[in-house]
Amino acid sequence: MIRKKLGQRIKEKRLQLGLSQEKFALSINMDRTYFASIEKGKRNISILNIEKIAKGLNISLSELFQEL
């Protein structure tokens with residue numbers, strides 16, 4: 001399932017930066033509970049929010065989706 005794979009990738013990249021869900025969500029102006037549901041693969045998120053997350057992780061959209 002693409003949502004779960006994307007959520008796992010986001011979590012992996014966030015942890016590499018050493019950020020908690022709360023700190024990361026705040027840094028990209030997103031509700032923590034909403035962000036947590038993204039990482040769990042429970043949300044079908046918009047491309048705008050995907051872009052916001054990628055920018056917050058300092059990676060390109062193509063890197064975020066690589067090998068999904």
# chains A, B, ... in the order shown; residues from 1 in each chain; ligands from 1
>>> residues_around(residues="Ile28 (chain A)", least_positions_apart="6", cutoff="8 Å", atoms="only C-alpha atoms", output="VMD selection string")
chain A and resid 52 to 53 56
>>> write_last_selection(atoms="N, CA and C atoms", output="short mmCIF file (atom, residue, chain, number, x, y, z; two decimals), in the first residue's frame")
data_model
loop_
_atom_site.label_atom_id
_atom_site.label_comp_id
_atom_site.auth_asym_id
_atom_site.auth_seq_id
_atom_site.Cartn_x
_atom_site.Cartn_y
_atom_site.Cartn_z
N LYS A 52 5.25 20.01 1.44
CA LYS A 52 5.59 20.66 2.71
C LYS A 52 6.48 19.73 3.54
N ILE A 53 6.14 18.44 3.57
CA ILE A 53 6.92 17.46 4.33
C ILE A 53 8.30 17.30 3.71
N GLY A 56 10.44 20.17 4.57
CA GLY A 56 10.82 20.09 5.98
C GLY A 56 11.92 19.07 6.23
#
>>> atom_distance(atom1="CA of Ala36 (chain A)", atom2="CA of Gly18 (chain A)")
15.8 Å
>>> residues_around(residues="Lys13 (chain A)", least_positions_apart="4", cutoff="9 Å", atoms="only C-alpha atoms", output="list in words")
Gln8, Arg9, Leu17, Gly18, Leu57 and Leu64 of chain A
>>> residues_around(residues="Ile50 (chain A)", least_positions_apart="3", cutoff="12 Å", atoms="only C-alpha atoms", output="list of chain:residue names")
A:Arg3, A:Leu6, A:Gly7, A:Arg9, A:Ile10, A:Ile28, A:Met30, A:Phe35, A:Ile38, A:Glu39, A:Arg43, A:Asn44, A:Ile45, A:Ser46, A:Ile47, A:Ile53, A:Ala54, A:Lys55, A:Gly56, A:Leu57, A:Ile59, A:Ser60, A:Leu61, A:Ser62, A:Glu63, A:Leu64, A:Phe65
>>> closest_residue(among="A:Ser27, A:Leu68, A:Tyr34, A:Asn49", to="Arg14 (chain A)", atoms="only C-alpha atoms")
A:Ser27
>>> residues_around(residues="region 31-33 of chain A", least_positions_apart="3", cutoff="7 Å", atoms="only C-alpha atoms", output="JSON, numbers by chain")
{"A": [21, 22, 25, 36, 37]}
>>> write_last_selection(atoms="N, CA and C atoms", output="tab-separated table (two decimals), in the first residue's frame")
chain	number	residue	atom	x	y	z
A	21	GLN	N	8.06	13.60	16.31
A	21	GLN	CA	6.90	13.94	15.48
A	21	GLN	C	6.42	15.35	15.79
A	22	GLU	N	6.36	15.65	17.08
A	22	GLU	CA	5.84	16.95	17.49
A	22	GLU	C	6.71	18.10	16.98
A	25	ALA	N	6.38	18.30	13.10
A	25	ALA	CA	5.07	18.81	12.71
A	25	ALA	C	4.98	20.32	12.95
A	36	ALA	N	1.07	12.33	12.55
A	36	ALA	CA	1.22	10.95	13.03
A	36	ALA	C	0.42	9.99	12.17
A	37	SER	N	-0.78	10.40	11.78
A	37	SER	CA	-1.61	9.53	10.94
A	37	SER	C	-1.03	9.38	9.53
>>> atom_distance(atom1="CA of Gln66 (chain A)", atom2="CA of Ile2 (chain A)")
11.9 Å
>>> decode(residues="region 11-39 of chain A", atoms="N, CA, C and O atoms", output="PDB file, in the first residue's frame")
ATOM      1  N   LYS A  11       8.836   8.771   8.082  1.00  0.00           N
ATOM      2  CA  LYS A  11       9.297   8.516   9.446  1.00  0.00           C
ATOM      3  C   LYS A  11      10.799   8.259   9.471  1.00  0.00           C
ATOM      4  O   LYS A  11      11.520   8.793  10.323  1.00  0.00           O
ATOM      5  N   GLU A  12      11.262   7.445   8.555  1.00  0.00           N
ATOM      6  CA  GLU A  12      12.691   7.129   8.465  1.00  0.00           C
ATOM      7  C   GLU A  12      13.526   8.403   8.287  1.00  0.00           C
ATOM      8  O   GLU A  12      14.513   8.617   8.984  1.00  0.00           O
ATOM      9  N   LYS A  13      13.101   9.258   7.368  1.00  0.00           N
ATOM     10  CA  LYS A  13      13.833  10.500   7.097  1.00  0.00           C
ATOM     11  C   LYS A  13      13.768  11.445   8.295  1.00  0.00           C
ATOM     12  O   LYS A  13      14.749  12.111   8.621  1.00  0.00           O
ATOM     13  N   ARG A  14      12.617  11.505   8.962  1.00  0.00           N
ATOM     14  CA  ARG A  14      12.475  12.361  10.135  1.00  0.00           C
ATOM     15  C   ARG A  14      13.392  11.895  11.252  1.00  0.00           C
ATOM     16  O   ARG A  14      14.078  12.699  11.895  1.00  0.00           O
ATOM     17  N   LEU A  15      13.447  10.588  11.476  1.00  0.00           N
ATOM     18  CA  LEU A  15      14.308  10.043  12.521  1.00  0.00           C
ATOM     19  C   LEU A  15      15.782  10.278  12.200  1.00  0.00           C
ATOM     20  O   LEU A  15      16.587  10.497  13.121  1.00  0.00           O
ATOM     21  N   GLN A  16      16.149  10.240  10.924  1.00  0.00           N
ATOM     22  CA  GLN A  16      17.528  10.536  10.538  1.00  0.00           C
ATOM     23  C   GLN A  16      17.920  11.964  10.926  1.00  0.00           C
ATOM     24  O   GLN A  16      19.088  12.228  11.204  1.00  0.00           O
ATOM     25  N   LEU A  17      16.941  12.846  10.949  1.00  0.00           N
ATOM     26  CA  LEU A  17      17.185  14.231  11.358  1.00  0.00           C
ATOM     27  C   LEU A  17      17.153  14.386  12.884  1.00  0.00           C
ATOM     28  O   LEU A  17      17.463  15.458  13.405  1.00  0.00           O
ATOM     29  N   GLY A  18      16.758  13.328  13.579  1.00  0.00           N
ATOM     30  CA  GLY A  18      16.710  13.346  15.036  1.00  0.00           C
ATOM     31  C   GLY A  18      15.577  14.175  15.597  1.00  0.00           C
ATOM     32  O   GLY A  18      15.691  14.731  16.691  1.00  0.00           O
ATOM     33  N   LEU A  19      14.459  14.239  14.866  1.00  0.00           N
ATOM     34  CA  LEU A  19      13.323  15.059  15.284  1.00  0.00           C
ATOM     35  C   LEU A  19      12.157  14.196  15.747  1.00  0.00           C
ATOM     36  O   LEU A  19      11.860  13.160  15.153  1.00  0.00           O
ATOM     37  N   SER A  20      11.491  14.651  16.792  1.00  0.00           N
ATOM     38  CA  SER A  20      10.262  13.992  17.229  1.00  0.00           C
ATOM     39  C   SER A  20       9.146  14.361  16.258  1.00  0.00           C
ATOM     40  O   SER A  20       9.262  15.335  15.505  1.00  0.00           O
ATOM     41  N   GLN A  21       8.061  13.604  16.307  1.00  0.00           N
ATOM     42  CA  GLN A  21       6.903  13.942  15.475  1.00  0.00           C
ATOM     43  C   GLN A  21       6.419  15.347  15.794  1.00  0.00           C
ATOM     44  O   GLN A  21       6.111  16.125  14.900  1.00  0.00           O
ATOM     45  N   GLU A  22       6.358  15.655  17.076  1.00  0.00           N
ATOM     46  CA  GLU A  22       5.841  16.954  17.495  1.00  0.00           C
ATOM     47  C   GLU A  22       6.709  18.101  16.979  1.00  0.00           C
ATOM     48  O   GLU A  22       6.197  19.064  16.408  1.00  0.00           O
ATOM     49  N   LYS A  23       8.024  17.998  17.150  1.00  0.00           N
ATOM     50  CA  LYS A  23       8.916  19.066  16.694  1.00  0.00           C
ATOM     51  C   LYS A  23       8.872  19.218  15.185  1.00  0.00           C
ATOM     52  O   LYS A  23       8.867  20.335  14.669  1.00  0.00           O
ATOM     53  N   PHE A  24       8.836  18.086  14.474  1.00  0.00           N
ATOM     54  CA  PHE A  24       8.796  18.162  13.019  1.00  0.00           C
ATOM     55  C   PHE A  24       7.479  18.770  12.545  1.00  0.00           C
ATOM     56  O   PHE A  24       7.471  19.661  11.698  1.00  0.00           O
ATOM     57  N   ALA A  25       6.384  18.295  13.102  1.00  0.00           N
ATOM     58  CA  ALA A  25       5.067  18.811  12.707  1.00  0.00           C
ATOM     59  C   ALA A  25       4.984  20.316  12.952  1.00  0.00           C
ATOM     60  O   ALA A  25       4.494  21.063  12.097  1.00  0.00           O
ATOM     61  N   LEU A  26       5.477  20.766  14.090  1.00  0.00           N
ATOM     62  CA  LEU A  26       5.480  22.197  14.384  1.00  0.00           C
ATOM     63  C   LEU A  26       6.338  22.968  13.378  1.00  0.00           C
ATOM     64  O   LEU A  26       5.965  24.059  12.957  1.00  0.00           O
ATOM     65  N   SER A  27       7.462  22.385  12.992  1.00  0.00           N
ATOM     66  CA  SER A  27       8.374  23.075  12.076  1.00  0.00           C
ATOM     67  C   SER A  27       7.772  23.271  10.688  1.00  0.00           C
ATOM     68  O   SER A  27       8.172  24.176   9.960  1.00  0.00           O
ATOM     69  N   ILE A  28       6.832  22.407  10.322  1.00  0.00           N
ATOM     70  CA  ILE A  28       6.200  22.542   9.001  1.00  0.00           C
ATOM     71  C   ILE A  28       4.752  23.039   9.116  1.00  0.00           C
ATOM     72  O   ILE A  28       3.995  22.964   8.152  1.00  0.00           O
ATOM     73  N   ASN A  29       4.402  23.500  10.313  1.00  0.00           N
ATOM     74  CA  ASN A  29       3.068  24.073  10.549  1.00  0.00           C
ATOM     75  C   ASN A  29       1.944  23.069  10.250  1.00  0.00           C
ATOM     76  O   ASN A  29       1.007  23.360   9.517  1.00  0.00           O
ATOM     77  N   MET A  30       2.088  21.883  10.848  1.00  0.00           N
ATOM     78  CA  MET A  30       1.104  20.818  10.660  1.00  0.00           C
ATOM     79  C   MET A  30       0.740  20.262  12.033  1.00  0.00           C
ATOM     80  O   MET A  30       1.593  20.160  12.908  1.00  0.00           O
ATOM     81  N   ASP A  31      -0.509  19.908  12.211  1.00  0.00           N
ATOM     82  CA  ASP A  31      -0.948  19.318  13.473  1.00  0.00           C
ATOM     83  C   ASP A  31      -0.240  17.984  13.708  1.00  0.00           C
ATOM     84  O   ASP A  31      -0.131  17.167  12.793  1.00  0.00           O
ATOM     85  N   ARG A  32       0.236  17.761  14.944  1.00  0.00           N
ATOM     86  CA  ARG A  32       0.985  16.543  15.242  1.00  0.00           C
ATOM     87  C   ARG A  32       0.158  15.282  15.035  1.00  0.00           C
ATOM     88  O   ARG A  32       0.644  14.290  14.513  1.00  0.00           O
ATOM     89  N   THR A  33      -1.103  15.293  15.427  1.00  0.00           N
ATOM     90  CA  THR A  33      -1.923  14.088  15.278  1.00  0.00           C
ATOM     91  C   THR A  33      -2.178  13.785  13.808  1.00  0.00           C
ATOM     92  O   THR A  33      -2.213  12.616  13.411  1.00  0.00           O
ATOM     93  N   TYR A  34      -2.339  14.837  13.010  1.00  0.00           N
ATOM     94  CA  TYR A  34      -2.502  14.649  11.564  1.00  0.00           C
ATOM     95  C   TYR A  34      -1.219  14.066  10.982  1.00  0.00           C
ATOM     96  O   TYR A  34      -1.255  13.108  10.210  1.00  0.00           O
ATOM     97  N   PHE A  35      -0.077  14.622  11.388  1.00  0.00           N
ATOM     98  CA  PHE A  35       1.203  14.124  10.896  1.00  0.00           C
ATOM     99  C   PHE A  35       1.425  12.670  11.318  1.00  0.00           C
ATOM    100  O   PHE A  35       1.901  11.852  10.530  1.00  0.00           O
ATOM    101  N   ALA A  36       1.070  12.332  12.552  1.00  0.00           N
ATOM    102  CA  ALA A  36       1.223  10.952  13.034  1.00  0.00           C
ATOM    103  C   ALA A  36       0.415   9.988  12.173  1.00  0.00           C
ATOM    104  O   ALA A  36       0.882   8.889  11.848  1.00  0.00           O
ATOM    105  N   SER A  37      -0.783  10.400  11.776  1.00  0.00           N
ATOM    106  CA  SER A  37      -1.613   9.528  10.938  1.00  0.00           C
ATOM    107  C   SER A  37      -1.025   9.384   9.533  1.00  0.00           C
ATOM    108  O   SER A  37      -1.215   8.354   8.884  1.00  0.00           O
ATOM    109  N   ILE A  38      -0.284  10.375   9.077  1.00  0.00           N
ATOM    110  CA  ILE A  38       0.412  10.265   7.788  1.00  0.00           C
ATOM    111  C   ILE A  38       1.491   9.202   7.891  1.00  0.00           C
ATOM    112  O   ILE A  38       1.610   8.328   7.031  1.00  0.00           O
ATOM    113  N   GLU A  39       2.305   9.281   8.951  1.00  0.00           N
ATOM    114  CA  GLU A  39       3.380   8.308   9.131  1.00  0.00           C
ATOM    115  C   GLU A  39       2.843   6.884   9.288  1.00  0.00           C
ATOM    116  O   GLU A  39       3.511   5.932   8.888  1.00  0.00           O
TER     117      GLU A  39
END
